[in-house]
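A.B. asks: For reference, this is coords_9.tsv, and it has TSV, C-alpha atoms (C1' of nucleotides).
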```
chain	number	residue	atom	x	y	z
A	1	MET	CA	0.00	0.00	0.00
A	2	LEU	CA	1.30	3.42	-0.90
A	3	ASP	CA	2.06	6.03	1.69
A	4	LEU	CA	-0.67	8.31	0.42
A	5	ASP	CA	-3.26	5.56	0.49
A	6	ARG	CA	-2.33	4.59	3.99
A	7	HIS	CA	-2.62	8.19	4.98
A	8	ARG	CA	-6.07	8.53	3.46
A	9	GLU	CA	-7.13	5.26	5.02
A	10	LEU	CA	-6.15	6.62	8.44
A	11	LEU	CA	-8.00	9.83	7.74
A	12	ARG	CA	-11.14	7.97	6.80
A	13	THR	CA	-11.20	5.53	9.67
A	14	CYS	CA	-9.76	7.47	12.59
A	15	SER	CA	-11.19	10.72	13.77
A	16	ILE	CA	-8.16	11.29	15.96
A	17	ALA	CA	-5.88	11.17	12.94
A	18	ALA	CA	-8.32	13.44	11.16
A	19	ALA	CA	-8.29	15.89	14.04
A	20	LEU	CA	-4.51	15.86	14.31
A	21	GLU	CA	-4.31	16.53	10.61
A	22	THR	CA	-5.82	19.96	11.26
A	23	VAL	CA	-4.54	20.89	14.73
A	24	GLY	CA	-1.60	18.56	15.31
A	25	GLU	CA	1.22	20.52	13.73
A	26	ARG	CA	3.81	22.17	15.85
A	27	TRP	CA	2.56	25.50	17.26
A	28	SER	CA	-1.02	25.09	16.06
A	29	PHE	CA	-2.32	24.15	19.46
A	30	LEU	CA	-0.41	26.88	21.24
A	31	ILE	CA	-1.81	29.39	18.78
A	32	LEU	CA	-5.29	28.12	19.64
A	33	ARG	CA	-4.57	28.43	23.33
A	34	GLY	CA	-3.58	32.04	22.63
A	35	ALA	CA	-6.80	32.58	20.71
A	36	PHE	CA	-8.85	31.16	23.60
A	37	ASN	CA	-7.02	33.56	25.90
A	38	GLY	CA	-8.04	36.50	23.77
A	39	LEU	CA	-5.17	36.98	21.33
A	40	GLN	CA	-6.36	38.14	17.92
A	41	HIS	CA	-3.57	39.88	16.06
A	42	PHE	CA	-0.48	38.62	14.28
A	43	GLU	CA	1.91	40.67	16.37
A	44	GLU	CA	0.22	39.54	19.60
A	45	PHE	CA	0.67	35.87	18.74
A	46	GLN	CA	4.19	36.49	17.53
A	47	SER	CA	5.40	38.32	20.61
A	48	THR	CA	3.64	36.24	23.25
A	49	LEU	CA	4.46	32.84	21.73
A	50	GLY	CA	7.87	33.73	20.37
A	51	ILE	CA	7.11	31.81	17.19
A	52	ALA	CA	8.97	32.60	13.96
A	53	ARG	CA	6.99	34.99	11.78
A	54	ASN	CA	6.93	32.79	8.69
A	55	ILE	CA	5.74	29.78	10.67
A	56	LEU	CA	3.07	31.86	12.39
A	57	SER	CA	1.93	33.11	9.01
A	58	ASN	CA	1.78	29.56	7.72
A	59	ARG	CA	-0.10	28.20	10.76
A	60	LEU	CA	-2.65	31.00	10.84
A	61	GLY	CA	-3.26	30.37	7.16
A	62	ARG	CA	-3.77	26.68	7.74
A	63	LEU	CA	-6.08	27.21	10.69
A	64	VAL	CA	-8.13	29.58	8.57
A	65	GLU	CA	-8.17	27.09	5.67
A	66	ASN	CA	-9.42	24.42	8.05
A	67	GLY	CA	-12.16	26.67	9.35
A	68	ILE	CA	-10.82	26.88	12.89
A	69	LEU	CA	-9.97	30.55	12.75
A	70	ARG	CA	-11.64	33.34	10.80
A	71	ARG	CA	-9.57	36.14	9.26
A	72	GLU	CA	-11.28	39.48	9.80
A	73	PRO	CA	-9.69	42.68	8.46
A	74	ASP	CA	-10.25	45.58	10.81
A	75	PRO	CA	-12.32	48.25	8.98
A	76	ALA	CA	-11.03	51.00	11.31
A	77	ASP	CA	-7.33	50.29	10.70
A	78	ARG	CA	-6.83	48.55	7.40
A	79	ARG	CA	-3.37	47.29	8.36
A	80	ARG	CA	-4.81	45.16	11.13
A	81	VAL	CA	-6.31	41.70	10.85
A	82	ALA	CA	-8.17	39.94	13.63
A	83	TYR	CA	-7.98	36.16	13.81
A	84	ARG	CA	-11.03	34.87	15.67
A	85	LEU	CA	-12.13	31.38	16.62
A	86	THR	CA	-14.99	29.96	14.58
A	87	ASP	CA	-17.60	27.64	16.13
A	88	LYS	CA	-15.47	24.74	14.97
A	89	GLY	CA	-12.48	26.28	16.73
A	90	LEU	CA	-14.40	27.14	19.88
A	91	ASP	CA	-15.56	23.55	20.03
A	92	LEU	CA	-11.97	22.51	20.70
A	93	LEU	CA	-12.32	23.86	24.24
A	94	PRO	CA	-12.86	20.41	25.81
A	95	VAL	CA	-9.65	19.20	24.17
A	96	LEU	CA	-7.77	22.23	25.40
A	97	LEU	CA	-9.09	21.89	28.94
A	98	SER	CA	-8.43	18.15	29.10
A	99	LEU	CA	-4.89	18.66	27.95
A	100	ARG	CA	-4.41	21.49	30.39
A	101	GLU	CA	-5.71	19.50	33.34
A	102	TRP	CA	-3.47	16.60	32.41
A	103	GLY	CA	-0.52	18.97	32.19
A	104	GLU	CA	-1.36	20.40	35.59
A	105	ARG	CA	-1.63	16.96	37.15
A	106	TRP	CA	1.43	15.38	35.61
A	107	VAL	CA	3.86	17.86	34.13
A	108	ALA	CA	3.59	21.49	35.15
A	109	SER	CA	4.08	22.87	38.61
A	110	GLY	CA	0.67	23.39	40.15
A	111	PRO	CA	-2.59	24.83	38.82
A	112	SER	CA	-2.52	27.56	36.21
A	113	ASN	CA	-4.43	30.72	35.43
A	114	PRO	CA	-7.02	31.79	34.47
A	115	VAL	CA	-9.84	29.44	35.37
A	116	LEU	CA	-13.19	28.87	33.65
A	117	VAL	CA	-16.31	29.56	35.72
A	118	ASP	CA	-20.04	29.34	35.14
A	119	LYS	CA	-20.91	32.98	34.54
A	120	ALA	CA	-24.20	32.67	36.42
A	121	THR	CA	-23.01	30.96	39.62
A	122	ARG	CA	-19.33	31.95	39.40
A	123	ARG	CA	-18.42	28.41	40.35
A	124	PRO	CA	-15.55	26.73	38.53
A	125	ILE	CA	-16.43	24.14	35.90
A	126	ALA	CA	-16.25	20.44	36.74
A	127	PRO	CA	-13.00	18.71	35.91
A	128	MET	CA	-12.86	17.06	32.50
A	129	ALA	CA	-13.33	13.34	33.03
A	130	VAL	CA	-14.77	10.21	31.54
A	131	ARG	CA	-18.24	9.90	33.07
A	132	ASP	CA	-21.12	7.48	32.85
A	133	ALA	CA	-24.61	8.52	31.75
A	134	ASP	CA	-25.32	9.71	35.32
A	135	MET	CA	-22.18	11.84	35.30
A	136	ARG	CA	-20.30	9.75	37.79
A	137	PRO	CA	-16.59	9.75	36.94
A	138	LEU	CA	-15.52	6.30	35.79
A	139	THR	CA	-12.23	4.72	36.75
A	140	ARG	CA	-10.25	2.69	34.25
A	141	GLY	CA	-11.39	-0.64	35.63
A	142	GLU	CA	-14.99	0.33	34.99
A	143	LEU	CA	-14.45	0.98	31.29
A	144	GLU	CA	-14.60	-1.31	28.32
A	145	TRP	CA	-14.25	-0.81	24.58
A	146	VAL	CA	-17.05	-2.40	22.57
A	147	ASP	CA	-17.95	-2.34	18.92
A	148	ARG	CA	-20.70	0.12	18.11
A	149	SER	CA	-22.77	-2.68	16.63
A	150	GLU	CA	-22.89	-4.51	19.98
A	151	LEU	CA	-24.83	-1.79	21.76
B	152	MET	CA	15.03	37.17	25.74
B	153	LEU	CA	16.80	34.10	24.43
B	154	ASP	CA	14.95	31.29	22.73
B	155	LEU	CA	15.75	28.87	25.50
B	156	ASP	CA	14.55	31.23	28.17
B	157	ARG	CA	11.36	31.90	26.34
B	158	HIS	CA	10.84	28.20	26.04
B	159	ARG	CA	11.39	27.63	29.74
B	160	GLU	CA	9.13	30.53	30.58
B	161	LEU	CA	6.35	28.91	28.54
B	162	LEU	CA	6.97	25.58	30.19
B	163	ARG	CA	6.73	27.09	33.64
B	164	THR	CA	3.61	29.12	33.11
B	165	CYS	CA	1.52	27.08	30.72
B	166	SER	CA	0.47	23.53	31.40
B	167	ILE	CA	-0.70	23.17	27.82
B	168	ALA	CA	2.76	23.96	26.54
B	169	ALA	CA	4.13	21.56	29.13
B	170	ALA	CA	1.76	18.83	28.01
B	171	LEU	CA	2.54	19.40	24.33
B	172	GLU	CA	6.21	19.16	25.17
B	173	THR	CA	5.68	15.50	26.02
B	174	VAL	CA	2.86	14.41	23.69
B	175	GLY	CA	2.79	17.09	21.00
B	176	GLU	CA	5.36	15.74	18.56
B	177	ARG	CA	4.29	14.28	15.29
B	178	TRP	CA	3.09	10.66	15.68
B	179	SER	CA	3.19	10.65	19.48
B	180	PHE	CA	-0.53	11.00	19.83
B	181	LEU	CA	-1.30	8.41	17.19
B	182	ILE	CA	1.03	6.01	18.98
B	183	LEU	CA	-0.93	6.63	22.15
B	184	ARG	CA	-4.21	6.02	20.35
B	185	GLY	CA	-2.72	2.71	19.24
B	186	ALA	CA	-1.70	1.91	22.79
B	187	PHE	CA	-5.22	2.68	24.05
B	188	ASN	CA	-6.54	0.34	21.39
B	189	GLY	CA	-4.35	-2.46	22.64
B	190	LEU	CA	-1.17	-2.23	20.58
B	191	GLN	CA	1.91	-3.16	22.57
B	192	HIS	CA	4.73	-4.25	20.27
B	193	PHE	CA	7.06	-2.34	17.99
B	194	GLU	CA	6.01	-4.25	14.88
B	195	GLU	CA	2.34	-3.74	15.68
B	196	PHE	CA	2.72	0.02	15.91
B	197	GLN	CA	4.91	0.07	12.84
B	198	SER	CA	2.60	-1.90	10.61
B	199	THR	CA	-0.71	-0.41	11.74
B	200	LEU	CA	0.44	3.21	11.78
B	201	GLY	CA	2.80	3.01	8.84
B	202	ILE	CA	5.32	5.16	10.69
B	203	ALA	CA	9.01	5.02	9.78
B	204	ARG	CA	10.91	2.63	12.04
B	205	ASN	CA	13.50	5.13	13.22
B	206	ILE	CA	10.84	7.68	14.12
B	207	LEU	CA	8.79	5.05	15.93
B	208	SER	CA	11.88	4.02	17.84
B	209	ASN	CA	12.54	7.63	18.77
B	210	ARG	CA	8.93	8.35	19.83
B	211	LEU	CA	8.57	5.20	21.91
B	212	GLY	CA	11.81	6.14	23.64
B	213	ARG	CA	10.56	9.63	24.36
B	214	LEU	CA	7.20	8.43	25.64
B	215	VAL	CA	9.02	6.03	27.94
B	216	GLU	CA	11.39	8.80	29.10
B	217	ASN	CA	8.40	10.97	29.88
B	218	GLY	CA	6.74	8.20	31.87
B	219	ILE	CA	3.78	7.81	29.53
B	220	LEU	CA	4.69	4.33	28.36
B	221	ARG	CA	6.52	1.57	30.21
B	222	ARG	CA	8.96	-0.69	28.38
B	223	GLU	CA	8.49	-4.31	29.48
B	224	PRO	CA	10.69	-7.03	28.02
B	225	ASP	CA	8.75	-10.26	27.56
B	226	PRO	CA	10.31	-12.96	29.76
B	227	ALA	CA	8.87	-15.73	27.58
B	228	ASP	CA	10.36	-14.42	24.32
B	229	ARG	CA	13.36	-12.25	24.98
B	230	ARG	CA	13.21	-10.60	21.56
B	231	ARG	CA	9.86	-9.05	22.32
B	232	VAL	CA	9.20	-5.86	24.19
B	233	ALA	CA	5.77	-4.72	25.35
B	234	TYR	CA	5.06	-0.99	25.54
B	235	ARG	CA	2.26	-0.40	28.03
B	236	LEU	CA	0.55	2.75	29.19
B	237	THR	CA	1.47	3.96	32.65
B	238	ASP	CA	-1.04	5.69	34.93
B	239	LYS	CA	0.22	8.97	33.55
B	240	GLY	CA	-0.41	7.71	30.05
B	241	LEU	CA	-3.80	6.23	30.85
B	242	ASP	CA	-4.79	9.57	32.31
B	243	LEU	CA	-4.61	11.05	28.81
B	244	LEU	CA	-7.86	9.28	27.97
B	245	PRO	CA	-10.01	12.41	28.39
B	246	VAL	CA	-7.75	14.26	25.95
B	247	LEU	CA	-7.96	11.43	23.47
B	248	LEU	CA	-11.73	11.18	23.74
B	249	SER	CA	-12.25	14.94	23.47
B	250	LEU	CA	-10.10	15.08	20.38
B	251	ARG	CA	-11.88	12.10	18.91
B	252	GLU	CA	-15.33	13.55	19.50
B	253	TRP	CA	-14.25	16.83	17.95
B	254	GLY	CA	-12.89	14.97	14.95
B	255	GLU	CA	-16.13	13.04	14.60
B	256	ARG	CA	-18.20	16.22	14.79
B	257	TRP	CA	-16.12	18.41	12.50
B	258	VAL	CA	-13.68	16.47	10.36
B	259	ALA	CA	-14.19	12.76	9.90
B	260	SER	CA	-17.17	11.13	8.30
B	261	GLY	CA	-19.49	9.92	11.04
B	262	PRO	CA	-18.89	8.16	14.34
B	263	SER	CA	-16.00	5.77	14.75
B	264	ASN	CA	-15.28	2.48	16.44
B	265	PRO	CA	-14.93	1.14	19.05
B	266	VAL	CA	-16.91	2.93	21.75
B	267	LEU	CA	-16.28	3.19	25.49
B	268	VAL	CA	-18.99	1.81	27.76
B	269	ASP	CA	-19.50	1.53	31.51
B	270	LYS	CA	-18.64	-2.11	32.10
B	271	ALA	CA	-21.38	-2.51	34.72
B	272	THR	CA	-24.33	-1.02	32.84
B	273	ARG	CA	-22.97	-1.39	29.29
B	274	ARG	CA	-24.15	2.10	28.55
B	275	PRO	CA	-21.87	4.39	26.53
B	276	ILE	CA	-20.01	7.09	28.43
B	277	ALA	CA	-21.31	10.65	28.41
B	278	PRO	CA	-19.89	12.95	25.76
B	279	MET	CA	-16.85	14.97	26.81
B	280	ALA	CA	-18.06	18.48	27.51
B	281	VAL	CA	-17.48	21.52	29.67
B	282	ARG	CA	-19.94	21.12	32.55
B	283	ASP	CA	-20.89	23.09	35.62
B	284	ALA	CA	-20.65	21.67	39.14
B	285	ASP	CA	-24.06	20.01	38.64
B	286	MET	CA	-22.85	18.38	35.42
B	287	ARG	CA	-25.00	20.44	33.13
B	288	PRO	CA	-23.18	21.11	29.86
B	289	LEU	CA	-22.30	24.77	29.56
B	290	THR	CA	-22.53	26.72	26.34
B	291	ARG	CA	-19.92	29.27	25.41
B	292	GLY	CA	-22.03	32.21	26.45
B	293	GLU	CA	-22.29	30.80	29.97
B	294	LEU	CA	-18.54	30.64	30.47
B	295	GLU	CA	-16.09	33.21	31.75
B	296	TRP	CA	-12.37	33.18	32.43
B	297	VAL	CA	-11.46	34.55	35.86
B	298	ASP	CA	-8.23	34.76	37.78
B	299	ARG	CA	-7.86	32.01	40.34
B	300	SER	CA	-7.44	34.63	43.08
B	301	GLU	CA	-10.93	36.03	42.44
B	302	LEU	CA	-12.75	32.87	43.46
C	303	DG	C1'	6.91	63.93	3.39
C	304	DT	C1'	9.00	61.20	7.22
C	305	DA	C1'	8.78	57.87	10.52
C	306	DC	C1'	6.52	54.04	12.25
C	307	DT	C1'	3.29	49.92	12.63
C	308	DC	C1'	1.12	45.78	10.92
C	309	DG	C1'	1.16	41.64	8.57
C	310	DG	C1'	3.43	39.46	6.12
C	311	DT	C1'	7.53	37.29	2.45
C	312	DT	C1'	12.28	35.87	1.18
C	313	DG	C1'	16.76	33.60	1.58
C	314	DC	C1'	19.45	30.80	4.00
C	315	DA	C1'	21.00	27.69	8.00
C	316	DT	C1'	19.58	24.02	10.99
C	317	DA	C1'	16.61	20.32	12.68
C	318	DT	C1'	13.22	16.82	11.93
C	319	DT	C1'	11.19	13.25	9.19
C	320	DG	C1'	10.88	9.54	5.85
C	321	DC	C1'	12.81	5.63	3.37
C	322	DA	C1'	15.47	1.67	2.52
C	323	DA	C1'	18.93	-1.21	3.80
C	324	DC	C1'	21.33	-3.36	7.45
C	325	DT	C1'	22.24	-5.54	12.21
C	326	DG	C1'	22.34	-8.42	16.28
C	327	DA	C1'	20.10	-11.07	19.60
C	328	DG	C1'	16.98	-14.64	20.16
C	329	DA	C1'	13.54	-18.31	18.53
C	330	DC	C1'	12.81	-22.36	15.96
C	331	DA	C1'	13.02	-26.48	12.77
C	332	DG	C1'	15.51	-30.27	11.34
D	333	DC	C1'	24.50	-26.83	15.75
D	334	DT	C1'	23.22	-24.79	11.30
D	335	DG	C1'	20.34	-22.17	8.56
D	336	DT	C1'	16.26	-19.38	8.55
D	337	DC	C1'	13.12	-16.32	10.51
D	338	DT	C1'	11.32	-12.69	13.71
D	339	DC	C1'	11.75	-8.76	16.59
D	340	DA	C1'	13.42	-4.43	17.78
D	341	DG	C1'	15.90	-1.63	16.59
D	342	DT	C1'	20.20	1.42	13.98
D	343	DT	C1'	22.50	3.74	10.04
D	344	DG	C1'	23.07	6.65	5.94
D	345	DC	C1'	21.04	9.62	3.04
D	346	DA	C1'	17.37	12.43	0.82
D	347	DA	C1'	13.37	15.33	1.44
D	348	DT	C1'	10.72	18.47	4.53
D	349	DA	C1'	9.85	21.51	8.08
D	350	DT	C1'	11.41	24.94	11.20
D	351	DG	C1'	13.98	29.02	12.92
D	352	DC	C1'	16.23	33.44	12.14
D	353	DA	C1'	17.12	37.80	10.28
D	354	DA	C1'	16.43	40.97	6.90
D	355	DC	C1'	13.32	43.06	3.85
D	356	DC	C1'	8.69	44.92	1.94
D	357	DG	C1'	4.30	47.20	0.83
D	358	DA	C1'	0.24	49.15	2.40
D	359	DG	C1'	-1.61	52.08	5.84
D	360	DT	C1'	-1.36	55.29	9.83
D	361	DA	C1'	0.46	59.18	12.74
D	362	DC	C1'	2.77	63.46	12.85
```
Show the structure stored in the file as structure tokens.

C.D. replies:
Amino acid sequence: MLDLDRHRELLRTCSIAAALETVGERWSFLILRGAFNGLQHFEEFQSTLGIARNILSNRLGRLVENGILRREPDPADRRRVAYRLTDKGLDLLPVLLSLREWGERWVASGPSNPVLVDKATRRPIAPMAVRDADMRPLTRGELEWVDRSEL
Amino acid sequence: MLDLDRHRELLRTCSIAAALETVGERWSFLILRGAFNGLQHFEEFQSTLGIARNILSNRLGRLVENGILRREPDPADRRRVAYRLTDKGLDLLPVLLSLREWGERWVASGPSNPVLVDKATRRPIAPMAVRDADMRPLTRGELEWVDRSEL
DNA sequence: GTACTCGGTTGCATATTGCAACTGAGACAG
DNA sequence: CTGTCTCAGTTGCAATATGCAACCGAGTAC
């Protein structure tokens, strides 16, 4: 089987491979983290992430191509361009939060800032976890992989 | 600021950057997906992922270094080596599932196999989502970032 | 007009990845 | 105990991707 075919096969059958295809390149995820934290402009991403300008240009382009960011020229200052998360991009929040919580638990030193709260109650969100239908967190021993057809 | 310093600064302050440092390289995440699906041996990863052998060797080594996989020589056949997920690695499951669900929703064609169920009830797990303390899924408008000190 | 900012692009050096061939230890059959 | 095969890599080399610094054109500020 050719490399390309194998690649396409993966893309078809595995949504993780498909997802990584669009957000798995180096810097892409850190750019998204920046976007979630409010960054919008080229120079903001460049200076806060310290990414090379050509790579940043390339990644922003790709994220726009893939519909994760939207490129919006600023009508007031026609030099400026705002990169904003689309719905598709915003929907990556669970991935971002899961990764962040894992990083906090296992890699980084202690909890990080800022924190997401329910705007109404001002209580922090529940930790990202694998839960059953009643929202009880499941431990690994309680889980099993089954084929969709066996449900 | 030097590149190295900037890098270290990121590592210190951002758990996402820290997490990506250990699982963000090309192929690493797909290797982990394989491990979650039961792959354990070098040749299994190599043939199912189609990854180059030297890169696979390098990534497995890194994942072991970072405590995400454990390298276990098989006492029965001393050629064979089993790579198994550690607790730290198994704890990446929420990240994997979030990414997979996003991929299913936005990139890949339809839902994928297999599916995680609660072993006791055989009901599928709840979708990964941002939830409030009462486990109600929160929409984007209901969320707000606040500094940890303001809680 | 002069200087400066924003969002890039270009050229070139370095690092990472991919491919194919090879290796060495161990299993295994006769 | 010899030849063959499998497993888990390693090596050399070509192709890609990344990083850095300098430059650029359009637009803004003075």

A.B. asks: Define the interface residues of chain B facing chain C as those within 10 Å, counting all atoms listed in the file, and report them as number ranges by chain.

C.D. replies: B: 177, 202-206, 228-231

A.B. asks: Write a file of the just-selected residues containing C-alpha atoms, as a PDB file, in the coordinates of the input.

C.D. replies:
```
ATOM      1  CA  ARG B 177       4.290  14.280  15.290  1.00  0.00           C
ATOM      2  CA  ILE B 202       5.320   5.160  10.690  1.00  0.00           C
ATOM      3  CA  ALA B 203       9.010   5.020   9.780  1.00  0.00           C
ATOM      4  CA  ARG B 204      10.910   2.630  12.040  1.00  0.00           C
ATOM      5  CA  ASN B 205      13.500   5.130  13.220  1.00  0.00           C
ATOM      6  CA  ILE B 206      10.840   7.680  14.120  1.00  0.00           C
ATOM      7  CA  ASP B 228      10.360 -14.420  24.320  1.00  0.00           C
ATOM      8  CA  ARG B 229      13.360 -12.250  24.980  1.00  0.00           C
ATOM      9  CA  ARG B 230      13.210 -10.600  21.560  1.00  0.00           C
ATOM     10  CA  ARG B 231       9.860  -9.050  22.320  1.00  0.00           C
TER      11      ARG B 231
END
```

A.B. asks: Smallest atom-to-atom distance to chain B: which of A:Leu69, A:Leu116, A:Leu151, A:Leu93, using only C-alpha atoms?

C.D. replies: A:Leu116

A.B. asks: Given the point (-8.1, 35.1, 40.2) in the coordinates of this file, which residues lie within 8 Å, counting all atoms listed in the file, and how would they look as number ranges by chain?

C.D. replies: A: 113-115; B: 297-302

A.B. asks: How close does each residue of chain B get to chain A, giving the shortest atom pair and distance in Å to one decimal for every residue with an atom at most 6 Å away, counting only C-alpha atoms, sorted by chain and residue number, as CSV?

C.D. replies:
```
residue,atom,partner,partner_atom,distance
B:Ser166,CA,A:Gly103,CA,4.7
B:Ile167,CA,A:Arg100,CA,4.8
B:Ala170,CA,A:Gly103,CA,4.8
B:Pro245,CA,A:Ala129,CA,5.8
B:Val246,CA,A:Ser98,CA,5.1
B:Ser249,CA,A:Val95,CA,5.0
B:Leu250,CA,A:Val95,CA,5.6
B:Arg251,CA,A:Ile16,CA,4.8
B:Gly254,CA,A:Ser15,CA,4.7
B:Glu255,CA,A:Ser15,CA,5.5
B:Ala259,CA,A:Ser15,CA,5.3
B:Pro265,CA,A:Asp147,CA,4.6
B:Val266,CA,A:Trp145,CA,5.4
B:Leu267,CA,A:Trp145,CA,4.6
B:Val268,CA,A:Glu144,CA,5.4
B:Asp269,CA,A:Leu143,CA,5.1
B:Lys270,CA,A:Glu142,CA,5.3
B:Ile276,CA,A:Asp132,CA,4.6
B:Ala277,CA,A:Ala133,CA,5.2
B:Ala280,CA,A:Pro94,CA,5.8
B:Arg282,CA,A:Ala126,CA,5.6
B:Asp283,CA,A:Ile125,CA,4.6
B:Ala284,CA,A:Ala126,CA,5.2
B:Glu293,CA,A:Lys119,CA,5.2
B:Leu294,CA,A:Asp118,CA,5.1
B:Glu295,CA,A:Val117,CA,5.4
B:Trp296,CA,A:Leu116,CA,4.6
B:Val297,CA,A:Val115,CA,5.4
B:Asp298,CA,A:Pro114,CA,4.6
B:Arg299,CA,A:Pro114,CA,5.9
```

A.B. asks: Using all atoms listed in the file, which chain D residues lie at most 10 Å away from chain B, written as a PyMOL selection string?

C.D. replies: chain D and resi 338-343

A.B. asks: Quick one, how far is atom CA of A:Gly34 from atom CA of A:Ala76?

C.D. replies: 23.3 Å

A.B. asks: Using atom CA of A:Ile31 and atom C1' of D:DC355 as the two end points, give the distance in Å to one decimal.

C.D. replies: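 Calculated distance between atom CA of A:Ile31 and atom C1' of D:DC355 is 25.3 Å.
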
A.B. asks: Enter the distance from atom C1' of D:DA358 to atom CA of A:Leu85, in Å, rounded to one decimal.

C.D. replies: 25.9 Å
